[in-house]
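Shown next: model23.cif, containing mmCIF, C-alpha atoms (C1' of nucleotides) and all ligand atoms.
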data_target
#
loop_
_atom_site.group_PDB
_atom_site.id
_atom_site.type_symbol
_atom_site.label_atom_id
_atom_site.label_comp_id
_atom_site.auth_asym_id
_atom_site.auth_seq_id
_atom_site.Cartn_x
_atom_site.Cartn_y
_atom_site.Cartn_z
ATOM 1 C CA MET A 1 40.338 -81.101 -156.279
ATOM 2 C CA THR A 2 42.824 -78.704 -157.815
ATOM 3 C CA ARG A 3 44.881 -76.314 -155.711
ATOM 4 C CA LYS A 4 47.383 -73.609 -156.458
ATOM 5 C CA PRO A 5 50.986 -74.858 -156.565
ATOM 6 C CA LEU A 6 51.889 -72.776 -153.480
ATOM 7 C CA PHE A 7 49.267 -74.573 -151.376
ATOM 8 C CA GLN A 8 50.459 -77.911 -152.636
ATOM 9 C CA SER A 9 54.009 -77.037 -151.665
ATOM 10 C CA VAL A 10 52.941 -76.063 -148.157
ATOM 11 C CA ILE A 11 50.988 -79.290 -147.765
ATOM 12 C CA ALA A 12 53.947 -81.266 -149.081
ATOM 13 C CA LEU A 13 56.206 -79.588 -146.511
ATOM 14 C CA LEU A 14 53.758 -80.365 -143.690
ATOM 15 C CA ASN A 15 53.541 -83.968 -144.827
ATOM 16 C CA PHE A 16 57.316 -84.132 -144.960
ATOM 17 C CA ARG A 17 57.638 -82.818 -141.404
ATOM 18 C CA VAL A 18 54.934 -85.123 -140.024
ATOM 19 C CA HIS A 19 56.554 -88.010 -141.846
ATOM 20 C CA ASN A 20 59.918 -87.274 -140.225
ATOM 21 C CA LYS A 21 58.308 -86.798 -136.823
ATOM 22 C CA TRP A 22 56.645 -90.184 -137.101
ATOM 23 C CA ILE A 23 59.891 -91.869 -138.138
ATOM 24 C CA GLY A 24 61.509 -90.281 -135.081
ATOM 25 C CA ILE A 25 58.774 -91.642 -132.826
ATOM 26 C CA GLN A 26 59.135 -95.127 -134.282
ATOM 27 C CA ASP A 27 62.930 -95.094 -133.931
ATOM 28 C CA SER A 28 62.630 -93.792 -130.382
ATOM 29 C CA LEU A 29 60.017 -96.325 -129.233
ATOM 30 C CA LYS A 30 62.020 -99.084 -130.872
ATOM 31 C CA ARG A 31 64.723 -98.665 -128.226
ATOM 32 C CA GLN A 32 62.272 -100.190 -125.721
ATOM 33 C CA LEU A 33 61.476 -103.167 -127.925
ATOM 34 C CA ILE A 34 62.104 -106.654 -126.530
ATOM 35 C CA THR A 35 62.328 -109.430 -129.112
ATOM 36 C CA GLU A 36 62.622 -112.473 -126.890
ATOM 37 C CA ASP A 37 60.283 -114.252 -124.498
ATOM 38 C CA ASP A 38 59.588 -112.001 -121.504
ATOM 39 C CA PHE A 39 56.509 -113.202 -119.633
ATOM 40 C CA LYS A 40 55.568 -115.284 -116.607
ATOM 41 C CA TRP A 41 53.251 -117.807 -118.244
ATOM 42 C CA ARG A 42 53.957 -120.875 -120.324
ATOM 43 C CA LEU A 43 52.090 -122.667 -123.070
ATOM 44 C CA PRO A 44 49.782 -125.457 -121.954
ATOM 45 C CA PRO A 45 51.414 -128.800 -122.806
ATOM 46 C CA LYS A 46 50.037 -130.227 -126.045
ATOM 47 C CA ILE A 47 48.168 -133.500 -126.083
ATOM 48 C CA ASN A 48 50.657 -136.375 -126.195
ATOM 49 C CA GLU A 49 53.442 -134.044 -125.183
ATOM 50 C CA ARG A 50 55.484 -134.951 -122.163
ATOM 51 C CA GLU A 51 55.671 -132.219 -119.564
ATOM 52 C CA LYS A 52 58.960 -130.403 -120.024
ATOM 53 C CA GLU A 53 61.294 -130.692 -117.086
ATOM 54 C CA GLY A 54 62.506 -127.603 -115.339
ATOM 55 C CA SER A 55 59.389 -125.628 -116.129
ATOM 56 C CA ASN A 56 58.692 -124.579 -112.565
ATOM 57 C CA CYS A 57 56.314 -121.958 -113.916
ATOM 58 C CA GLU A 58 52.775 -122.596 -112.749
ATOM 59 C CA ILE A 59 50.988 -119.912 -114.729
ATOM 60 C CA LEU A 60 49.507 -121.174 -117.990
ATOM 61 C CA LEU A 61 48.661 -119.034 -120.997
ATOM 62 C CA LYS A 62 44.884 -118.736 -120.887
ATOM 63 C CA TYR A 63 43.841 -115.249 -122.020
ATOM 64 C CA VAL A 64 44.795 -114.420 -125.599
ATOM 65 C CA GLY A 65 43.643 -111.109 -127.004
ATOM 66 C CA GLY A 66 42.988 -109.993 -130.560
ATOM 67 C CA VAL A 67 42.500 -106.528 -132.034
ATOM 68 C CA ASP A 68 41.267 -105.182 -135.354
ATOM 69 C CA LEU A 69 39.409 -102.260 -136.935
ATOM 70 C CA SER A 70 36.582 -102.099 -139.448
ATOM 71 C CA PHE A 71 35.617 -99.065 -141.490
ATOM 72 C CA SER A 72 32.368 -97.536 -142.656
ATOM 73 C CA LYS A 73 31.792 -97.836 -146.383
ATOM 74 C CA GLU A 74 29.826 -94.576 -146.440
ATOM 75 C CA ASP A 75 32.303 -92.525 -144.413
ATOM 76 C CA SER A 76 35.814 -93.914 -144.473
ATOM 77 C CA SER A 77 36.810 -91.773 -141.479
ATOM 78 C CA ILE A 78 34.392 -93.686 -139.234
ATOM 79 C CA ALA A 79 35.876 -96.826 -137.747
ATOM 80 C CA CYS A 80 35.155 -99.404 -135.086
ATOM 81 C CA GLY A 81 38.047 -100.804 -133.087
ATOM 82 C CA ALA A 82 37.491 -104.093 -131.295
ATOM 83 C CA LEU A 83 39.312 -105.954 -128.543
ATOM 84 C CA VAL A 84 38.416 -109.549 -127.812
ATOM 85 C CA VAL A 85 39.909 -112.025 -125.370
ATOM 86 C CA LEU A 86 39.709 -115.765 -125.972
ATOM 87 C CA ASP A 87 40.403 -118.770 -123.811
ATOM 88 C CA PHE A 88 43.577 -120.150 -125.400
ATOM 89 C CA GLN A 89 42.455 -123.756 -124.981
ATOM 90 C CA THR A 90 38.815 -123.590 -126.020
ATOM 91 C CA LEU A 91 39.083 -120.578 -128.366
ATOM 92 C CA LYS A 92 35.836 -119.246 -126.894
ATOM 93 C CA VAL A 93 35.423 -115.494 -126.535
ATOM 94 C CA VAL A 94 35.431 -114.533 -122.845
ATOM 95 C CA TYR A 95 35.607 -110.756 -123.257
ATOM 96 C CA GLU A 96 34.563 -108.301 -125.955
ATOM 97 C CA ASP A 97 34.652 -104.541 -126.209
ATOM 98 C CA SER A 98 34.557 -102.089 -129.081
ATOM 99 C CA SER A 99 34.623 -98.397 -129.748
ATOM 100 C CA ILE A 100 33.361 -96.351 -132.674
ATOM 101 C CA VAL A 101 35.616 -93.419 -133.465
ATOM 102 C CA ARG A 102 36.369 -90.832 -136.116
ATOM 103 C CA LEU A 103 39.851 -91.174 -137.549
ATOM 104 C CA HIS A 104 41.757 -88.095 -138.667
ATOM 105 C CA ILE A 105 44.864 -89.792 -139.991
ATOM 106 C CA PRO A 106 44.879 -91.570 -143.364
ATOM 107 C CA TYR A 107 46.374 -94.967 -143.974
ATOM 108 C CA LEU A 108 49.995 -94.655 -145.033
ATOM 109 C CA PRO A 109 52.067 -97.810 -145.571
ATOM 110 C CA GLY A 110 54.689 -97.940 -142.832
ATOM 111 C CA PHE A 111 52.655 -95.718 -140.506
ATOM 112 C CA LEU A 112 49.596 -97.833 -139.778
ATOM 113 C CA ALA A 113 50.080 -97.442 -136.015
ATOM 114 C CA PHE A 114 49.415 -93.713 -136.066
ATOM 115 C CA ARG A 115 45.987 -94.452 -137.501
ATOM 116 C CA GLU A 116 44.983 -97.633 -135.669
ATOM 117 C CA ALA A 117 46.895 -97.815 -132.382
ATOM 118 C CA PRO A 118 45.141 -95.041 -130.385
ATOM 119 C CA VAL A 119 41.683 -96.628 -130.233
ATOM 120 C CA LEU A 120 43.122 -100.068 -129.551
ATOM 121 C CA LEU A 121 45.335 -98.768 -126.726
ATOM 122 C CA GLU A 122 42.276 -97.111 -125.192
ATOM 123 C CA LEU A 123 40.369 -100.390 -125.210
ATOM 124 C CA LEU A 124 43.306 -102.122 -123.531
ATOM 125 C CA ASP A 125 43.709 -99.337 -120.998
ATOM 126 C CA LYS A 126 40.034 -99.440 -120.053
ATOM 127 C CA MET A 127 40.379 -103.133 -119.279
ATOM 128 C CA LYS A 128 43.590 -102.636 -117.318
ATOM 129 C CA LYS A 129 42.368 -99.771 -115.171
ATOM 130 C CA ASN A 130 39.323 -101.864 -114.236
ATOM 131 C CA ALA A 131 41.772 -104.618 -113.239
ATOM 132 C CA HIS A 132 39.733 -107.002 -115.370
ATOM 133 C CA PRO A 133 40.613 -110.623 -114.569
ATOM 134 C CA PHE A 134 40.640 -111.508 -118.281
ATOM 135 C CA TYR A 135 43.209 -108.893 -119.286
ATOM 136 C CA PRO A 136 45.207 -110.583 -122.083
ATOM 137 C CA GLN A 137 48.525 -112.247 -121.316
ATOM 138 C CA LEU A 138 49.313 -112.104 -125.037
ATOM 139 C CA LEU A 139 47.835 -109.955 -127.811
ATOM 140 C CA MET A 140 47.562 -110.791 -131.501
ATOM 141 C CA VAL A 141 47.504 -107.779 -133.771
ATOM 142 C CA ASP A 142 46.085 -107.479 -137.298
ATOM 143 C CA GLY A 143 49.239 -105.944 -138.775
ATOM 144 C CA ASN A 144 52.969 -106.572 -138.711
ATOM 145 C CA GLY A 145 55.490 -106.319 -135.936
ATOM 146 C CA LEU A 146 59.171 -106.417 -136.891
ATOM 147 C CA LEU A 147 58.220 -107.055 -140.516
ATOM 148 C CA HIS A 148 58.249 -103.356 -141.273
ATOM 149 C CA PRO A 149 60.514 -100.875 -143.128
ATOM 150 C CA ARG A 150 62.014 -99.673 -139.840
ATOM 151 C CA GLY A 151 61.355 -102.854 -137.866
ATOM 152 C CA PHE A 152 58.577 -101.267 -135.823
ATOM 153 C CA GLY A 153 55.090 -102.049 -137.113
ATOM 154 C CA LEU A 154 51.704 -101.756 -135.402
ATOM 155 C CA ALA A 155 52.200 -104.851 -133.232
ATOM 156 C CA CYS A 156 55.484 -103.478 -131.826
ATOM 157 C CA HIS A 157 53.937 -100.047 -131.330
ATOM 158 C CA ILE A 158 51.021 -101.414 -129.301
ATOM 159 C CA GLY A 159 53.255 -103.841 -127.409
ATOM 160 C CA VAL A 160 55.698 -101.180 -126.245
ATOM 161 C CA LEU A 161 53.058 -98.582 -125.348
ATOM 162 C CA ALA A 162 50.895 -101.126 -123.474
ATOM 163 C CA ASP A 163 53.924 -103.039 -122.128
ATOM 164 C CA LEU A 164 52.261 -106.238 -123.308
ATOM 165 C CA PRO A 165 53.526 -109.314 -125.197
ATOM 166 C CA THR A 166 52.294 -108.967 -128.801
ATOM 167 C CA VAL A 167 52.439 -110.917 -132.046
ATOM 168 C CA GLY A 168 52.087 -109.349 -135.499
ATOM 169 C CA VAL A 169 49.982 -111.109 -138.130
ATOM 170 C CA GLY A 170 49.867 -109.863 -141.716
ATOM 171 C CA LYS A 171 47.493 -111.224 -144.345
ATOM 172 C CA ASN A 172 49.622 -109.729 -147.095
ATOM 173 C CA LEU A 173 53.371 -109.369 -147.324
ATOM 174 C CA HIS A 174 54.786 -105.910 -146.795
ATOM 175 C CA HIS A 175 57.871 -105.944 -149.004
ATOM 176 C CA VAL A 176 60.973 -105.294 -146.918
ATOM 177 C CA ASP A 177 64.687 -106.035 -147.371
ATOM 178 C CA GLY A 178 64.194 -107.782 -150.712
ATOM 179 C CA LEU A 179 61.376 -109.994 -149.432
ATOM 180 C CA THR A 180 58.668 -110.274 -152.083
ATOM 181 C CA GLN A 181 55.976 -112.799 -152.908
ATOM 182 C CA SER A 182 58.233 -114.341 -155.527
ATOM 183 C CA ARG A 183 61.096 -114.459 -153.024
ATOM 184 C CA VAL A 184 58.820 -116.388 -150.638
ATOM 185 C CA ARG A 185 58.046 -118.835 -153.436
ATOM 186 C CA GLU A 186 61.784 -119.330 -153.953
ATOM 187 C CA ILE A 187 62.293 -119.953 -150.244
ATOM 188 C CA ARG A 188 59.501 -122.520 -150.309
ATOM 189 C CA GLN A 189 61.045 -124.376 -153.236
ATOM 190 C CA ALA A 190 64.477 -124.269 -151.615
ATOM 191 C CA ALA A 191 63.071 -126.059 -148.543
ATOM 192 C CA ASP A 192 63.953 -129.768 -148.726
ATOM 193 C CA SER A 193 60.593 -130.949 -147.447
ATOM 194 C CA PRO A 194 57.192 -129.314 -147.982
ATOM 195 C CA GLU A 195 57.450 -126.989 -144.995
ATOM 196 C CA ASN A 196 54.508 -124.954 -143.797
ATOM 197 C CA VAL A 197 56.733 -122.628 -141.805
ATOM 198 C CA LEU A 198 59.121 -120.568 -143.926
ATOM 199 C CA PRO A 199 61.596 -118.156 -142.349
ATOM 200 C CA LEU A 200 61.566 -114.717 -143.931
ATOM 201 C CA ILE A 201 65.252 -113.899 -144.304
ATOM 202 C CA GLY A 202 65.967 -110.708 -146.204
ATOM 203 C CA ASP A 203 68.908 -109.667 -148.369
ATOM 204 C CA SER A 204 70.688 -108.349 -145.284
ATOM 205 C CA GLY A 205 70.500 -111.786 -143.640
ATOM 206 C CA CYS A 206 68.064 -110.493 -141.037
ATOM 207 C CA THR A 207 65.080 -112.685 -140.092
ATOM 208 C CA TRP A 208 61.983 -110.507 -140.249
ATOM 209 C CA GLY A 209 59.389 -113.161 -139.451
ATOM 210 C CA ALA A 210 57.880 -116.285 -140.950
ATOM 211 C CA ALA A 211 55.355 -117.180 -143.616
ATOM 212 C CA ILE A 212 53.130 -120.007 -142.482
ATOM 213 C CA GLN A 213 50.388 -122.009 -144.110
ATOM 214 C CA SER A 214 48.098 -121.752 -141.130
ATOM 215 C CA SER A 215 45.177 -123.981 -142.141
ATOM 216 C CA GLN A 216 44.450 -126.848 -144.475
ATOM 217 C CA GLY A 217 41.668 -124.891 -146.107
ATOM 218 C CA SER A 218 43.957 -122.229 -147.563
ATOM 219 C CA LEU A 219 47.229 -122.308 -149.453
ATOM 220 C CA LYS A 220 47.755 -118.585 -149.018
ATOM 221 C CA PRO A 221 50.188 -117.981 -146.163
ATOM 222 C CA ILE A 222 49.965 -115.507 -143.318
ATOM 223 C CA PHE A 223 53.000 -113.528 -142.216
ATOM 224 C CA ILE A 224 53.963 -113.708 -138.572
ATOM 225 C CA SER A 225 56.445 -111.422 -136.885
ATOM 226 C CA VAL A 226 57.580 -110.569 -133.386
ATOM 227 C CA GLY A 227 55.655 -107.741 -131.811
ATOM 228 C CA HIS A 228 57.036 -107.228 -128.291
ATOM 229 C CA ARG A 229 58.277 -109.481 -125.478
ATOM 230 C CA VAL A 230 57.915 -112.700 -127.527
ATOM 231 C CA SER A 231 60.385 -114.708 -129.589
ATOM 232 C CA LEU A 232 59.578 -115.637 -133.178
ATOM 233 C CA ALA A 233 59.272 -119.281 -132.093
ATOM 234 C CA THR A 234 56.639 -118.398 -129.476
ATOM 235 C CA ALA A 235 54.866 -116.134 -131.940
ATOM 236 C CA ILE A 236 54.617 -118.935 -134.497
ATOM 237 C CA GLU A 237 53.536 -121.548 -131.971
ATOM 238 C CA THR A 238 50.792 -119.443 -130.394
ATOM 239 C CA VAL A 239 49.418 -118.395 -133.776
ATOM 240 C CA LYS A 240 49.379 -121.970 -135.021
ATOM 241 C CA MET A 241 47.530 -123.111 -131.912
ATOM 242 C CA THR A 242 44.765 -120.527 -132.390
ATOM 243 C CA CYS A 243 44.106 -121.082 -136.093
ATOM 244 C CA ARG A 244 40.765 -122.749 -136.774
ATOM 245 C CA PHE A 245 40.926 -121.064 -140.158
ATOM 246 C CA ARG A 246 43.573 -119.072 -142.010
ATOM 247 C CA VAL A 247 43.461 -116.073 -139.680
ATOM 248 C CA PRO A 248 44.100 -116.817 -135.988
ATOM 249 C CA GLU A 249 40.857 -116.848 -134.028
ATOM 250 C CA PRO A 250 41.501 -113.822 -131.770
ATOM 251 C CA ILE A 251 42.044 -111.555 -134.783
ATOM 252 C CA ARG A 252 39.267 -113.194 -136.757
ATOM 253 C CA GLN A 253 36.786 -112.586 -133.931
ATOM 254 C CA ALA A 254 37.909 -108.963 -133.533
ATOM 255 C CA ASP A 255 37.438 -108.543 -137.294
ATOM 256 C CA ILE A 256 33.973 -110.120 -137.323
ATOM 257 C CA ARG A 257 32.729 -108.292 -134.228
ATOM 258 C CA SER A 258 34.058 -104.859 -135.204
ATOM 259 C CA ARG A 259 32.330 -105.118 -138.578
ATOM 260 C CA GLU A 260 29.109 -106.368 -136.996
ATOM 261 C CA ARG A 261 29.120 -103.544 -134.431
ATOM 262 C CA LEU A 262 29.534 -100.988 -137.206
ATOM 263 C CA ARG A 263 26.709 -102.551 -139.212
ATOM 264 C CA ASN A 264 24.290 -102.322 -136.271
ATOM 265 C CA HIS A 265 25.238 -98.728 -135.624
ATOM 266 C CA GLN A 266 23.043 -95.771 -136.827
ATOM 267 C "C1'" DG B 1 61.606 -92.800 -163.845
ATOM 268 C "C1'" DC B 2 59.234 -97.167 -162.172
ATOM 269 C "C1'" DG B 3 57.260 -100.217 -159.085
ATOM 270 C "C1'" DA B 4 55.807 -101.284 -154.289
ATOM 271 C "C1'" DC B 5 53.085 -99.945 -150.706
ATOM 272 C "C1'" DA B 6 50.629 -103.987 -143.553
ATOM 273 C "C1'" DG B 7 45.405 -102.022 -142.938
ATOM 274 C "C1'" DA C 1 40.218 -101.264 -145.574
ATOM 275 C "C1'" DT C 2 35.804 -101.546 -148.842
ATOM 276 C "C1'" DC C 3 33.127 -102.288 -153.231
ATOM 277 C "C1'" DT C 4 30.245 -107.345 -154.161
ATOM 278 C "C1'" DT C 5 26.906 -112.845 -156.129
ATOM 279 C "C1'" DG C 6 27.052 -116.606 -157.194
ATOM 280 C "C1'" DT C 7 29.296 -120.713 -157.340
ATOM 281 C "C1'" DC C 8 31.992 -124.813 -156.615
ATOM 282 C "C1'" DG C 9 33.198 -128.213 -153.163
ATOM 283 C "C1'" DC C 10 33.799 -130.624 -148.658
HETATM 284 MG MG MG D 1 42.414 -105.020 -139.969
#
In structure tokens, how does this file's structure come out?
Amino acid sequence: MTRKPLFQSVIALLNFRVHNKWIGIQDSLKRQLITEDDFKWRLPPKINEREKEGSNCEILLKYVGGVDLSFSKEDSSIACGALVVLDFQTLKVVYEDSSIVRLHIPYLPGFLAFREAPVLLELLDKMKKNAHPFYPQLLMVDGNGLLHPRGFGLACHIGVLADLPTVGVGKNLHHVDGLTQSRVREIRQAADSPENVLPLIGDSGCTWGAAIQSSQGSLKPIFISVGHRVSLATAIETVKMTCRFRVPEPIRQADIRSRERLRNHQ
DNA sequence: GCGACAG
DNA sequence: ATCTTGTCGC
């Protein structure tokens, strides 16, 4: 597809303006971001773990959500967004919804939220306005949170706009602040004992998240970061507790079911 | 100029 | 993200 240079310049200018607008939105929303625990529930005590004293909180974490999108191979603008809710203890799916939509915004690294967040926020909103009893107390997002060029990835974006505790989970490392795959390998070798939780500390000294080996079946790590209203420690713990396989079960189920729904469509 | 680039 | 088959191993 060849175009005259003038057209290309106009398109480049539009892209430049949209790009700046999006950065402005991310910077603006980031002012509402909360990066510590801010919720009324607590984690169920682990087996063999003594009940912590002073935890007068009676609400246990039970409903953990997961979101993901799948795309049509024929028409890459057709996508299915899925929201699932699992029982945190049994990891059984207790709620499932999905929506097939046409996307008008391409994938651009650093701007994933502008493509994927709208359909996912709609699925959450539908559940909330129906006052569904299984509305998630915590949401796991297939995409990063703080681990992002401007510290405001998809998980933060959804968390702030839905005012919901969220955790970001990346299957690949988005290079930020000098953090690369080889840098992660160095961090691993610098650890005194074979750790399966590695802090992701960038050149600036900032902690962007953690790389964890989440299952015995896979050596490849996943990359966890704070989304909204959770600390990194809580993010890591909840992800670990929901990993039957490499990808935490809420996200894995959203992935499986969104793809399945798309396959059975048309 | 070159490489990197969540999903 | 998707394109794609079998194959090795628990
Ligand atoms: Mg995905």
Residues within 6 Å of ligand MG 1 (chain D) should be enumerated using all atoms listed in the file and returned as a list of chain:residue names.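 Counting only what the definition allows, namely all atoms listed in the file, the set is A:Asp68, A:Leu69, A:Asp142, B:DG7.
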Per residue of chain B within 10 Å of chain A, record the nearest atom pair and its distance in Å to one decimal, counting only C-alpha atoms (C1' of nucleotides), with rows in chain order and ascending residue number, as CSV.
residue,atom,partner,partner_atom,distance
B:DA4,C1',A:His175,CA,7.3
B:DC5,C1',A:Pro109,CA,5.7
B:DA6,C1',A:Gly143,CA,5.3
B:DG7,C1',A:Leu112,CA,6.7
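Counting only C-alpha atoms (C1' of nucleotides), Ala82 (chain A) has the following residues at most 8 Å away, ignoring those fewer than 3 positions along the same chain: Val67, Asp68, Leu69, Glu96, Asp97, Ser98, Ser99, Leu120, Leu123, Ala254, Asp255, Arg257 and Ser258 of chain A.
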Taking the file above as input, evaluate the PyMOL selection byres ((chain C) within 10 of (chain A)) and report the hits as a PDB file with C-alpha atoms (C1' of nucleotides), keeping the file's coordinate frame.
ATOM      1  C1'  DA C   1      40.218-101.264-145.574  1.00  0.00           C
ATOM      2  C1'  DT C   2      35.804-101.546-148.842  1.00  0.00           C
ATOM      3  C1'  DC C   3      33.127-102.288-153.231  1.00  0.00           C
TER       4       DC C   3
END
As an exercise, work out the distance from CA of Arg31 (chain A) to CA of Ile212 (chain A) in Å and give it to one decimal place.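 Going from CA of Arg31 (chain A) over to CA of Ile212 (chain A), I get 28.2 Å.
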Grab the CA of Ala155 (chain A) to CA of Lys240 (chain A) distance for me, in Å with one decimal place. 17.4 Å
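What separates CA of Tyr63 (chain A) from CA of Leu164 (chain A) is a distance of 12.4 Å.
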Once the PyMOL selection byres (((chain A and resi 41) around 8) and not hetatm) has been evaluated on this model, what residues remain selected, and can you format them as a compact mmCIF listing (two decimals) with C-alpha atoms, keeping the file's coordinate frame?
# COMPACT_ATOMS: atom_id res chain seq x y z
CA PHE A 39 56.51 -113.20 -119.63
CA LYS A 40 55.57 -115.28 -116.61
CA ARG A 42 53.96 -120.88 -120.32
CA LEU A 43 52.09 -122.67 -123.07
CA CYS A 57 56.31 -121.96 -113.92
CA GLU A 58 52.78 -122.60 -112.75
CA ILE A 59 50.99 -119.91 -114.73
CA LEU A 60 49.51 -121.17 -117.99
CA LEU A 61 48.66 -119.03 -121.00
CA GLN A 137 48.52 -112.25 -121.32
Distance criterion (all atoms listed in the file): nearest to Ile224 (chain A) out of A:Met140, A:Ile105, A:Asp203, A:Pro194: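 Among A:Met140, A:Ile105, A:Asp203, A:Pro194, it is A:Met140 that comes nearest to Ile224 (chain A).
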For the PyMOL selection byres (((chain A and resi 185) around 12) and not hetatm), applied here, can you spell out every residue it catches as an MDAnalysis selection string? chainID A and resid 179:184 186:191 194:196 198:200 211 220:221
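For the set A:Asp192, A:Asp163, A:Pro250, A:Phe245, the residue with the smallest atom-to-atom gap to Gly217 (chain A) is A:Phe245, counting all atoms listed in the file.
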